[in-house]
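Chemist: Just so it is clear, I am handing over input-v2.txt, which has compact mmCIF, C-alpha atoms.
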```txt
# COMPACT_ATOMS: atom_id res chain seq x y z
CA MET A 1 79.22 132.96 95.17
CA ASN A 2 82.33 134.73 96.39
CA ILE A 3 85.31 133.09 94.72
CA TYR A 4 87.14 132.53 98.02
CA THR A 5 84.05 130.95 99.57
CA ASP A 6 83.87 128.73 96.50
CA LEU A 7 87.56 127.76 96.93
CA PHE A 8 87.01 127.04 100.62
CA ILE A 9 83.93 124.88 100.08
CA THR A 10 85.47 122.96 97.19
CA PHE A 11 88.70 122.17 99.03
CA SER A 12 86.88 121.32 102.28
CA LYS A 13 84.84 118.85 100.29
CA ILE A 14 88.02 117.36 98.83
CA GLY A 15 89.69 117.19 102.26
CA GLY A 16 86.57 115.80 103.92
CA PHE A 17 86.15 112.89 101.53
CA THR A 18 89.73 111.80 101.11
CA LEU A 19 90.23 108.71 103.20
CA GLY A 20 93.78 107.50 103.53
CA GLY A 21 95.30 110.75 102.30
CA GLY A 22 97.83 111.33 99.53
CA TYR A 23 97.00 109.78 96.20
CA ALA A 24 93.45 108.96 97.27
CA MET A 25 92.84 112.67 96.86
CA VAL A 26 93.87 112.81 93.20
CA PRO A 27 90.65 111.43 91.63
CA VAL A 28 88.40 113.64 93.80
CA MET A 29 90.52 116.73 93.05
CA GLU A 30 90.63 115.99 89.34
CA LYS A 31 86.84 115.62 89.21
CA GLU A 32 86.17 118.82 91.16
CA ILE A 33 88.92 121.13 89.90
CA VAL A 34 89.27 120.01 86.27
CA ASP A 35 85.87 118.55 85.32
CA ASN A 36 83.38 120.47 87.45
CA LYS A 37 84.93 123.86 88.22
CA LYS A 38 87.27 124.01 85.20
CA TRP A 39 89.79 126.03 87.23
CA LEU A 40 92.63 124.14 85.55
CA THR A 41 93.16 122.13 82.38
CA LYS A 42 94.14 118.49 82.73
CA GLU A 43 97.71 119.33 81.67
CA GLU A 44 98.03 122.06 84.31
CA PHE A 45 96.64 119.66 86.89
CA MET A 46 99.27 117.06 86.00
CA ASP A 47 102.08 119.61 86.17
CA ILE A 48 100.99 120.55 89.68
CA LEU A 49 100.83 116.87 90.61
CA VAL A 50 104.46 116.47 89.55
CA VAL A 51 105.61 119.50 91.52
CA ALA A 52 103.63 118.54 94.65
CA GLN A 53 105.12 115.08 94.55
CA SER A 54 108.69 116.32 94.31
CA THR A 55 108.61 119.07 96.94
CA PRO A 56 108.56 118.64 100.72
CA GLY A 57 105.37 118.87 102.72
CA LEU A 58 102.06 117.09 102.72
CA PHE A 59 100.98 116.13 99.24
CA ALA A 60 97.40 117.31 99.76
CA ILE A 61 98.45 120.68 101.19
CA ASP A 62 100.97 121.18 98.38
CA MET A 63 98.33 120.42 95.77
CA ALA A 64 95.75 122.72 97.36
CA SER A 65 98.09 125.67 97.88
CA HIS A 66 99.48 125.42 94.35
CA ILE A 67 96.04 125.16 92.70
CA GLY A 68 94.66 127.99 94.86
CA TYR A 69 97.66 130.18 94.08
CA LYS A 70 97.49 129.52 90.37
CA TYR A 71 93.81 130.34 90.31
CA LYS A 72 93.59 133.29 92.70
CA GLY A 73 97.05 134.35 93.95
CA THR A 74 98.52 134.09 97.45
CA LEU A 75 95.22 134.53 99.30
CA GLY A 76 93.69 131.82 97.10
CA GLY A 77 96.57 129.55 98.06
CA ILE A 78 96.14 130.19 101.78
CA VAL A 79 92.36 129.67 101.67
CA SER A 80 92.72 126.40 99.72
CA ALA A 81 95.47 124.98 101.95
CA LEU A 82 93.52 125.75 105.14
CA ALA A 83 90.29 124.44 103.62
CA VAL A 84 91.76 121.09 102.64
CA ALA A 85 93.05 120.59 106.22
CA PHE A 86 89.96 121.94 107.96
CA PRO A 87 87.69 118.84 107.99
CA SER A 88 90.43 116.58 109.29
CA ILE A 89 91.46 119.00 112.06
CA VAL A 90 87.86 119.24 113.30
CA CYS A 91 87.29 115.51 112.97
CA ILE A 92 90.48 114.48 114.80
CA LEU A 93 89.96 117.07 117.55
CA LEU A 94 86.50 115.67 118.26
CA ILE A 95 87.86 112.13 118.32
CA ALA A 96 90.81 113.08 120.55
CA MET A 97 88.47 114.88 122.96
CA PHE A 98 85.43 112.62 123.05
CA PHE A 99 85.68 109.34 121.14
CA GLN A 100 88.93 107.58 121.90
CA THR A 101 87.26 104.25 121.05
CA PHE A 102 86.21 105.39 117.55
CA LYS A 103 88.66 103.13 115.76
CA ASP A 104 87.38 100.01 117.56
CA ASN A 105 83.79 100.63 116.49
CA VAL A 106 82.56 97.64 114.48
CA TYR A 107 80.48 99.75 112.08
CA VAL A 108 83.40 102.05 111.32
CA GLU A 109 85.50 98.99 110.52
CA LYS A 110 82.80 97.51 108.25
CA PHE A 111 82.38 100.80 106.42
CA PHE A 112 86.10 100.94 105.78
CA MET A 113 86.32 97.35 104.62
CA GLY A 114 84.03 98.48 101.80
CA VAL A 115 85.83 101.75 101.14
CA ARG A 116 89.43 100.48 100.95
CA PRO A 117 89.21 98.47 97.69
CA ALA A 118 87.18 101.30 96.15
CA VAL A 119 89.94 103.80 96.93
CA VAL A 120 92.45 101.63 95.06
CA ALA A 121 90.15 101.61 92.02
CA LEU A 122 89.67 105.37 92.26
CA ILE A 123 93.43 105.91 92.17
CA LEU A 124 93.72 103.70 89.10
CA VAL A 125 91.03 105.55 87.10
CA PRO A 126 92.93 108.86 86.56
CA CYS A 127 95.90 106.88 85.19
CA PHE A 128 93.92 106.34 81.99
CA SER A 129 92.69 109.88 81.52
CA MET A 130 96.13 111.24 82.37
CA ALA A 131 97.81 108.89 79.93
CA ARG A 132 95.88 110.70 77.20
CA SER A 133 96.77 114.16 78.54
CA ALA A 134 100.42 113.16 78.81
CA LYS A 135 100.26 112.28 75.09
CA LEU A 136 101.52 108.77 75.68
CA ASN A 137 102.58 107.06 72.45
CA LYS A 138 104.86 104.24 71.41
CA HIS A 139 107.91 106.45 71.82
CA ASN A 140 107.37 107.53 75.40
CA CYS A 141 105.22 104.77 76.94
CA TRP A 142 108.41 103.29 78.43
CA ILE A 143 108.60 106.20 80.88
CA PRO A 144 105.55 105.30 83.04
CA LEU A 145 106.37 101.59 82.73
CA VAL A 146 109.94 102.04 83.94
CA CYS A 147 108.78 104.35 86.77
CA ALA A 148 106.10 101.91 87.97
CA LEU A 149 108.54 98.99 87.75
CA LEU A 150 111.26 100.83 89.71
CA ILE A 151 108.82 101.85 92.44
CA CYS A 152 106.89 98.57 92.78
CA ALA A 153 109.58 95.97 92.16
CA PHE A 154 112.71 97.70 93.42
CA GLY A 155 111.31 99.97 96.12
CA VAL A 156 112.81 103.08 94.54
CA SER A 157 111.40 106.31 95.98
CA PRO A 158 109.09 108.21 93.57
CA ILE A 159 111.27 111.27 94.19
CA TRP A 160 114.15 109.64 92.29
CA CYS A 161 111.86 108.80 89.37
CA ILE A 162 110.73 112.41 89.13
CA LEU A 163 114.28 113.71 89.49
CA GLY A 164 115.51 111.29 86.81
CA ALA A 165 112.73 112.23 84.40
CA ALA A 166 113.33 115.95 84.99
CA LEU A 167 117.08 115.61 84.34
CA LEU A 168 116.41 113.58 81.20
CA GLY A 169 113.93 116.21 80.02
CA ALA A 170 116.44 118.98 80.69
CA ALA A 171 119.16 117.08 78.80
CA ILE A 172 116.87 116.49 75.80
CA GLY A 173 115.91 120.17 75.88
CA LYS A 174 119.62 121.11 75.75
CA MET A 175 120.42 118.72 72.91
CA THR A 176 117.57 119.79 70.64
CA LYS A 177 118.58 123.44 70.89
CA MET B 1 103.53 127.01 127.56
CA LEU B 2 106.95 125.73 126.51
CA ILE B 3 105.16 122.71 125.08
CA LEU B 4 103.43 124.90 122.45
CA LEU B 5 106.79 126.24 121.25
CA LYS B 6 108.18 122.71 121.12
CA LEU B 7 105.16 121.55 119.11
CA PHE B 8 105.72 124.39 116.66
CA ILE B 9 109.40 123.58 116.15
CA THR B 10 108.91 119.82 115.90
CA PHE B 11 106.05 119.92 113.41
CA THR B 12 107.73 122.58 111.28
CA LYS B 13 110.65 120.16 111.04
CA ILE B 14 108.38 117.24 110.15
CA GLY B 15 106.68 119.36 107.47
CA ILE B 16 109.86 120.37 105.69
CA PHE B 17 111.62 117.00 105.84
CA ASN B 18 108.68 115.10 104.50
CA PHE B 19 108.89 114.17 100.84
CA GLY B 20 106.10 112.41 99.04
CA GLY B 21 103.73 112.61 101.97
CA GLY B 22 101.45 110.01 103.47
CA TYR B 23 102.97 106.88 104.86
CA ALA B 24 106.52 107.96 104.06
CA MET B 25 106.24 110.48 106.89
CA LEU B 26 105.01 108.10 109.57
CA SER B 27 108.45 106.92 110.66
CA LEU B 28 109.62 110.52 110.85
CA ILE B 29 106.67 111.50 113.03
CA GLN B 30 107.12 108.43 115.21
CA ASP B 31 110.78 109.24 115.79
CA GLU B 32 110.07 112.85 116.80
CA VAL B 33 106.89 112.35 118.78
CA VAL B 34 107.50 109.01 120.49
CA HIS B 35 111.28 108.61 120.79
CA LYS B 36 112.66 112.13 121.06
CA ASN B 37 109.92 114.09 122.82
CA HIS B 38 108.03 111.31 124.62
CA TRP B 39 104.72 113.02 123.95
CA LEU B 40 103.04 109.74 123.10
CA THR B 41 103.65 106.08 123.86
CA THR B 42 104.11 103.62 120.99
CA ALA B 43 100.61 102.29 121.65
CA GLU B 44 99.12 105.79 121.45
CA PHE B 45 100.99 106.36 118.21
CA THR B 46 99.59 103.14 116.72
CA ASP B 47 96.13 104.37 117.72
CA ILE B 48 96.70 107.59 115.79
CA VAL B 49 97.68 105.69 112.66
CA ALA B 50 94.51 103.59 112.94
CA ILE B 51 92.37 106.68 113.52
CA SER B 52 94.06 108.54 110.65
CA GLN B 53 93.23 105.69 108.31
CA SER B 54 89.57 105.82 109.24
CA THR B 55 89.10 109.59 109.15
CA PRO B 56 89.20 111.96 106.19
CA GLY B 57 92.10 114.18 105.27
CA PRO B 58 95.85 114.03 104.92
CA ILE B 59 97.46 111.61 107.36
CA GLY B 60 100.09 114.17 108.40
CA ILE B 61 97.45 116.68 109.48
CA ASN B 62 95.58 113.97 111.36
CA CYS B 63 98.74 112.98 113.25
CA ALA B 64 99.64 116.59 114.01
CA THR B 65 96.18 117.47 115.33
CA TYR B 66 95.95 114.38 117.53
CA THR B 67 99.50 114.70 118.86
CA GLY B 68 99.11 118.43 119.55
CA TYR B 69 96.02 117.86 121.64
CA THR B 70 97.23 114.74 123.45
CA ALA B 71 100.70 116.09 124.25
CA VAL B 72 99.27 119.23 125.88
CA VAL B 73 96.62 117.35 127.86
CA ASN B 74 99.17 114.76 129.00
CA GLU B 75 101.15 117.67 130.51
CA GLY B 76 98.18 118.29 132.78
CA LEU B 77 96.98 121.42 130.97
CA PRO B 78 93.24 122.07 130.38
CA ALA B 79 91.44 120.89 127.25
CA TRP B 80 91.17 124.36 125.65
CA VAL B 81 94.98 124.65 125.67
CA GLY B 82 94.93 121.23 124.03
CA VAL B 83 92.82 122.63 121.21
CA ILE B 84 95.38 125.42 120.74
CA GLY B 85 98.13 122.81 120.76
CA ALA B 86 96.29 120.86 118.05
CA LEU B 87 95.91 123.97 115.90
CA ILE B 88 99.55 124.99 116.36
CA ALA B 89 100.81 121.51 115.44
CA SER B 90 98.57 121.34 112.35
CA LEU B 91 99.53 124.78 111.07
CA SER B 92 103.23 124.23 111.84
CA ILE B 93 103.36 121.22 109.54
CA MET B 94 101.91 123.33 106.70
CA TRP B 95 103.50 126.75 106.67
CA LEU B 96 107.07 126.22 105.38
CA PRO B 97 106.14 123.87 102.50
CA PHE B 98 103.37 126.32 101.67
CA ILE B 99 105.82 129.19 101.16
CA LEU B 100 108.10 126.96 99.10
CA MET B 101 105.17 125.83 96.98
CA ILE B 102 104.08 129.41 96.27
CA ALA B 103 107.65 130.28 95.21
CA ILE B 104 107.81 127.32 92.80
CA SER B 105 104.34 128.08 91.52
CA ARG B 106 105.32 131.68 90.83
CA TYR B 107 108.46 130.59 88.98
CA LEU B 108 106.59 128.06 86.83
CA ILE B 109 103.82 130.47 85.86
CA LYS B 110 106.45 133.01 84.81
CA ASN B 111 108.49 130.50 82.80
CA LYS B 112 105.81 128.19 81.53
CA ASP B 113 106.52 129.02 77.89
CA SER B 114 110.27 128.58 78.15
CA ARG B 115 111.45 125.71 75.96
CA HIS B 116 113.47 124.32 78.83
CA VAL B 117 110.55 124.05 81.24
CA LYS B 118 108.40 122.58 78.46
CA SER B 119 110.98 119.92 77.70
CA ILE B 120 111.21 118.94 81.38
CA PHE B 121 107.46 118.63 81.76
CA ALA B 122 107.21 116.60 78.55
CA MET B 123 109.19 113.93 80.44
CA LEU B 124 107.51 114.46 83.80
CA ARG B 125 103.92 114.06 82.61
CA PRO B 126 104.37 110.46 81.45
CA ALA B 127 106.34 109.78 84.64
CA ILE B 128 103.48 110.86 86.89
CA VAL B 129 101.20 108.34 85.14
CA GLY B 130 103.67 105.65 86.20
CA LEU B 131 103.78 107.01 89.74
CA LEU B 132 100.03 106.91 90.07
CA ALA B 133 99.87 103.38 88.65
CA ALA B 134 102.58 102.31 91.10
CA ALA B 135 100.63 103.79 94.02
CA ALA B 136 97.51 101.84 93.00
CA ILE B 137 99.46 98.60 92.52
CA MET B 138 101.17 98.90 95.91
CA LEU B 139 97.80 99.44 97.59
CA MET B 140 96.54 96.10 96.27
CA SER B 141 97.54 94.56 99.57
CA VAL B 142 96.17 92.18 102.19
CA GLU B 143 95.24 95.18 104.39
CA ASN B 144 92.98 96.60 101.69
CA PHE B 145 91.62 93.45 100.04
CA GLY B 146 91.87 90.70 102.66
CA SER B 147 93.81 87.51 102.10
CA PRO B 148 92.38 84.99 99.60
CA SER B 149 93.46 81.99 101.70
CA GLN B 150 92.46 83.24 105.16
CA ASN B 151 89.24 85.04 104.39
CA THR B 152 87.94 84.13 100.95
CA PHE B 153 84.62 85.93 101.43
CA VAL B 154 86.20 89.30 102.23
CA PHE B 155 88.65 88.87 99.36
CA ILE B 156 85.93 88.14 96.78
CA VAL B 157 83.70 90.98 98.01
CA SER B 158 86.70 93.34 97.87
CA ILE B 159 87.45 92.36 94.27
CA ILE B 160 83.80 92.94 93.32
CA ILE B 161 83.80 96.36 95.04
CA PHE B 162 87.07 97.21 93.29
CA LEU B 163 85.65 96.34 89.85
CA PHE B 164 82.37 98.10 90.62
CA ALA B 165 84.20 101.29 91.68
CA PHE B 166 86.52 101.16 88.67
CA ILE B 167 83.78 100.63 86.07
CA GLY B 168 81.41 103.08 87.78
CA THR B 169 83.88 105.98 87.85
CA ARG B 170 85.67 105.23 84.57
CA LEU B 171 82.76 104.33 82.26
CA PHE B 172 79.74 105.86 83.97
CA LYS B 173 81.50 108.94 85.39
CA VAL B 174 80.13 108.47 88.90
CA HIS B 175 81.56 111.15 91.22
CA PRO B 176 84.42 109.71 93.34
CA ILE B 177 82.88 111.04 96.58
CA LEU B 178 79.56 109.33 95.83
CA MET B 179 81.46 106.15 94.97
CA ILE B 180 83.31 106.17 98.32
CA LEU B 181 80.03 106.57 100.21
CA LEU B 182 78.32 103.83 98.15
CA CYS B 183 81.13 101.36 98.77
CA GLY B 184 81.21 102.22 102.49
CA VAL B 185 77.50 101.53 102.78
CA ALA B 186 77.99 98.32 100.80
CA GLY B 187 80.60 97.31 103.40
CA LEU B 188 78.14 98.04 106.23
CA LEU B 189 75.43 95.94 104.59
CA ILE B 190 77.56 93.01 103.42
CA TYR B 191 79.92 92.40 106.37
```
When written as structure tokens, how does the structure in this file appear?

Modeler:
Amino acid sequence: MNIYTDLFITFSKIGGFTLGGGYAMVPVMEKEIVDNKKWLTKEEFMDILVVAQSTPGLFAIDMASHIGYKYKGTLGGIVSALAVAFPSIVCILLIAMFFQTFKDNVYVEKFFMGVRPAVVALILVPCFSMARSAKLNKHNCWIPLVCALLICAFGVSPIWCILGAALLGAAIGKMTK
Amino acid sequence: MLILLKLFITFTKIGIFNFGGGYAMLSLIQDEVVHKNHWLTTAEFTDIVAISQSTPGPIGINCATYTGYTAVVNEGLPAWVGVIGALIASLSIMWLPFILMIAISRYLIKNKDSRHVKSIFAMLRPAIVGLLAAAAIMLMSVENFGSPSQNTFVFIVSIIIFLFAFIGTRLFKVHPILMILLCGVAGLLIY
């Protein structure tokens, strides 16, 4: 298969099955990009996750354009970003044009009552595999704990956690020169 | 056709001022689309959020597509112009962050072996684990699981689905897409 066709199909699949957006996309992307296609290693995937989280723009689009670029240059980035948005544009257009009552449909609601708890579990799963890739040990396990605590208990924006960690990393890099 | 230009400017702005994505951007979109430009009423905006939650894809794209179409049609223009409006709004929200992302990507690929970049990412990788855990914890809400006191049945079923999805994907390596479909069908059958 043409590599760009492959990129388009893969990212359309990711975009088409991400309900709720944002982090819900991470497990599907990880499975497709790292496990199945092996376009990136787990470490590279995590680095992109960090960058996408700390730059402006839609998380999913940032992820897709960065992965596509890394794998196949600018055109790869464009194809991936458009592909990840494609299913939702088509879907919403159809709803806006023909099915304004979609959201009140009882079957749609039932389907989603089943999906919502599953999405939470799916977001939790990569935490464990990523903990291994991040080489978590007794010296640095405080980092994710402090981040999660700040975000959940004190409502701190994830941006500040990333910024703080980056500054700390830069400072440590300077000191160990 | 002024509306198309306005859509372009507004959604470019929303794209670049959105950090973190998802729900963080909803208030920004609401302010621009409902309060400043009066393209949608508050009720229409609430509809979009509900529709975005029950359709695939990034929530920002969903909002942009729906707003682009509705705003144009509300102006009395034909439906095909509405489709163009939807496409313009959706692409506008993407293009500036895309360029920025490519620039960062290029820089990181060039400097990935620098000791400085390595040291920064050694801190960032553990941090992203915490971020992901936080996202999962914050989603353990009444909206997603039901309330144990008001609707015990829904709550218990949700917990079972949650455990099933977790064990299935973590231990048995079930594909996340298959898992989403399975749990959706389970919802259809059980409720």

Chemist: If I take CA of Asn144 (chain B) and CA of Cys91 (chain A), how far is one from the other in Å, to one decimal?

Modeler: 22.7 Å

Chemist: Write out as a list of chain:residue names each polymer residue whose atoms come within 9 Å of region 33-48 of chain A, counting only C-alpha atoms; drop sequence neighbours fewer than 3 positions from it.

Modeler: A:Thr10, A:Val28, A:Met29, A:Glu30, A:Val51, A:Ala52, A:Gln53, A:Asp62, A:Met63, A:His66, A:Ile67, A:Lys70, A:Tyr71, A:Ser129, A:Met130, A:Ser133, A:Ala134, B:Ser105, B:Phe121, B:Leu124, B:Arg125, B:Ile128, B:Val129

Chemist: Applying 8 Å and all atoms listed in the file, which residues near Val120 (chain A) remain after dropping the ones on its own chain fewer than 4 positions away? List them as a PyMOL selection string.

Modeler: (chain A and resi 24+116+124) or (chain B and resi 136+139-140+162)

Chemist: Every residue with an atom at most 9 Å from (93.1, 109.9, 109.7) (file coordinates; all atoms listed in the file) is what I'm after, so could you write them as a ChimeraX atom specification?

Modeler: /A:19-21,88,91-92 /B:48-63

Chemist: Return the neighbours of chain A among the residues of chain B, cut-off 6 Å, counting all atoms listed in the file, as a CSV table (one decimal) with C-alpha atoms, in the frame of the given file.

Modeler:
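Contents of selection-v9.csv, freshly written:
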```csv
chain,number,residue,atom,x,y,z
B,15,GLY,CA,106.7,119.4,107.5
B,16,ILE,CA,109.9,120.4,105.7
B,18,ASN,CA,108.7,115.1,104.5
B,19,PHE,CA,108.9,114.2,100.8
B,20,GLY,CA,106.1,112.4,99.0
B,21,GLY,CA,103.7,112.6,102.0
B,22,GLY,CA,101.4,110.0,103.5
B,51,ILE,CA,92.4,106.7,113.5
B,53,GLN,CA,93.2,105.7,108.3
B,56,PRO,CA,89.2,112.0,106.2
B,57,GLY,CA,92.1,114.2,105.3
B,58,PRO,CA,95.8,114.0,104.9
B,59,ILE,CA,97.5,111.6,107.4
B,65,THR,CA,96.2,117.5,115.3
B,97,PRO,CA,106.1,123.9,102.5
B,116,HIS,CA,113.5,124.3,78.8
B,119,SER,CA,111.0,119.9,77.7
B,120,ILE,CA,111.2,118.9,81.4
B,123,MET,CA,109.2,113.9,80.4
B,124,LEU,CA,107.5,114.5,83.8
B,125,ARG,CA,103.9,114.1,82.6
B,126,PRO,CA,104.4,110.5,81.4
B,127,ALA,CA,106.3,109.8,84.6
B,129,VAL,CA,101.2,108.3,85.1
B,130,GLY,CA,103.7,105.6,86.2
B,131,LEU,CA,103.8,107.0,89.7
B,134,ALA,CA,102.6,102.3,91.1
B,136,ALA,CA,97.5,101.8,93.0
B,144,ASN,CA,93.0,96.6,101.7
B,158,SER,CA,86.7,93.3,97.9
B,162,PHE,CA,87.1,97.2,93.3
B,165,ALA,CA,84.2,101.3,91.7
B,166,PHE,CA,86.5,101.2,88.7
B,170,ARG,CA,85.7,105.2,84.6
B,176,PRO,CA,84.4,109.7,93.3
B,180,ILE,CA,83.3,106.2,98.3
B,183,CYS,CA,81.1,101.4,98.8
B,184,GLY,CA,81.2,102.2,102.5
B,187,GLY,CA,80.6,97.3,103.4
B,188,LEU,CA,78.1,98.0,106.2
```

Chemist: Taking all atoms of region 108-115 of chain B that the file lists, what box with edges along x, y and z, padded by 6 Å per side, do you get, with centre and edge lengths in Å to one decimal, as AutoDock Vina command-line options?

Modeler:
```
--center_x 107.6 --center_y 129.4 --center_z 81.4 --size_x 19.6 --size_y 19.3 --size_z 22.9
```

Chemist: Any idea what the distance is between CA of Leu5 (chain B) and CA of Val72 (chain B)?

Modeler: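 Calculated distance between CA of Leu5 (chain B) and CA of Val72 (chain B) is 11.3 Å.
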
Chemist: Extract, using only C-alpha atoms, all DNA, RNA and protein residues at most 8 Å from region 39-47 of chain B, discarding same-chain residues fewer than 4 positions from it, and format them as a list in words.

Modeler: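 Using only C-alpha atoms, the neighbours found are Lys103 of chain A; Gln30, Val33, Val34, Ile51, Thr67, Thr70, Ala71 and Asn74 of chain B.
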
Chemist: Using all atoms listed in the file, which residues sit within 12 Å of Glu75 (chain B) once same-chain residues fewer than 4 positions away are excluded, as a PDB file with C-alpha atoms, in the coordinates of the input?

Modeler:
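Output file result_19.pdb follows:
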```
ATOM      1  CA  MET B   1     103.530 127.010 127.560  1.00  0.00           C
ATOM      2  CA  LEU B   2     106.950 125.730 126.510  1.00  0.00           C
ATOM      3  CA  ILE B   3     105.160 122.710 125.080  1.00  0.00           C
ATOM      4  CA  LEU B   4     103.430 124.900 122.450  1.00  0.00           C
ATOM      5  CA  HIS B  38     108.030 111.310 124.620  1.00  0.00           C
ATOM      6  CA  TRP B  39     104.720 113.020 123.950  1.00  0.00           C
ATOM      7  CA  LEU B  40     103.040 109.740 123.100  1.00  0.00           C
ATOM      8  CA  GLY B  68      99.110 118.430 119.550  1.00  0.00           C
ATOM      9  CA  TYR B  69      96.020 117.860 121.640  1.00  0.00           C
ATOM     10  CA  THR B  70      97.230 114.740 123.450  1.00  0.00           C
ATOM     11  CA  ALA B  71     100.700 116.090 124.250  1.00  0.00           C
ATOM     12  CA  ALA B  79      91.440 120.890 127.250  1.00  0.00           C
ATOM     13  CA  VAL B  81      94.980 124.650 125.670  1.00  0.00           C
ATOM     14  CA  GLY B  82      94.930 121.230 124.030  1.00  0.00           C
ATOM     15  CA  GLY B  85      98.130 122.810 120.760  1.00  0.00           C
TER      16      GLY B  85
END
```

Chemist: Provide region 37-49 of chain A rebuilt to N, CA and C atoms, formatted as a PDB file, keeping the file's coordinate frame.

Modeler:
```pdb
ATOM      1  N   LYS A  37      84.697 122.420  88.100  1.00  0.00           N
ATOM      2  CA  LYS A  37      84.930 123.860  88.220  1.00  0.00           C
ATOM      3  C   LYS A  37      85.702 124.443  87.045  1.00  0.00           C
ATOM      4  N   LYS A  38      86.427 123.590  86.341  1.00  0.00           N
ATOM      5  CA  LYS A  38      87.270 124.010  85.200  1.00  0.00           C
ATOM      6  C   LYS A  38      88.236 125.138  85.586  1.00  0.00           C
ATOM      7  N   TRP A  39      88.795 125.037  86.803  1.00  0.00           N
ATOM      8  CA  TRP A  39      89.790 126.030  87.230  1.00  0.00           C
ATOM      9  C   TRP A  39      91.131 125.771  86.555  1.00  0.00           C
ATOM     10  N   LEU A  40      91.381 124.508  86.200  1.00  0.00           N
ATOM     11  CA  LEU A  40      92.630 124.140  85.550  1.00  0.00           C
ATOM     12  C   LEU A  40      92.347 123.194  84.396  1.00  0.00           C
ATOM     13  N   THR A  41      93.250 123.172  83.397  1.00  0.00           N
ATOM     14  CA  THR A  41      93.160 122.130  82.380  1.00  0.00           C
ATOM     15  C   THR A  41      93.800 120.869  82.945  1.00  0.00           C
ATOM     16  N   LYS A  42      93.562 119.752  82.270  1.00  0.00           N
ATOM     17  CA  LYS A  42      94.140 118.490  82.730  1.00  0.00           C
ATOM     18  C   LYS A  42      95.671 118.544  82.734  1.00  0.00           C
ATOM     19  N   GLU A  43      96.239 119.221  81.738  1.00  0.00           N
ATOM     20  CA  GLU A  43      97.710 119.330  81.670  1.00  0.00           C
ATOM     21  C   GLU A  43      98.241 120.123  82.854  1.00  0.00           C
ATOM     22  N   GLU A  44      97.577 121.239  83.165  1.00  0.00           N
ATOM     23  CA  GLU A  44      98.030 122.060  84.310  1.00  0.00           C
ATOM     24  C   GLU A  44      97.932 121.253  85.592  1.00  0.00           C
ATOM     25  N   PHE A  45      96.840 120.486  85.709  1.00  0.00           N
ATOM     26  CA  PHE A  45      96.640 119.660  86.890  1.00  0.00           C
ATOM     27  C   PHE A  45      97.783 118.656  87.052  1.00  0.00           C
ATOM     28  N   MET A  46      98.175 118.043  85.947  1.00  0.00           N
ATOM     29  CA  MET A  46      99.270 117.060  86.000  1.00  0.00           C
ATOM     30  C   MET A  46     100.586 117.705  86.373  1.00  0.00           C
ATOM     31  N   ASP A  47     100.835 118.912  85.838  1.00  0.00           N
ATOM     32  CA  ASP A  47     102.080 119.610  86.170  1.00  0.00           C
ATOM     33  C   ASP A  47     102.154 119.883  87.669  1.00  0.00           C
ATOM     34  N   ILE A  48     101.022 120.270  88.255  1.00  0.00           N
ATOM     35  CA  ILE A  48     100.990 120.550  89.680  1.00  0.00           C
ATOM     36  C   ILE A  48     101.218 119.262  90.476  1.00  0.00           C
ATOM     37  N   LEU A  49     100.647 118.179  89.983  1.00  0.00           N
ATOM     38  CA  LEU A  49     100.830 116.870  90.610  1.00  0.00           C
ATOM     39  C   LEU A  49     102.318 116.523  90.700  1.00  0.00           C
TER      40      LEU A  49
END
```
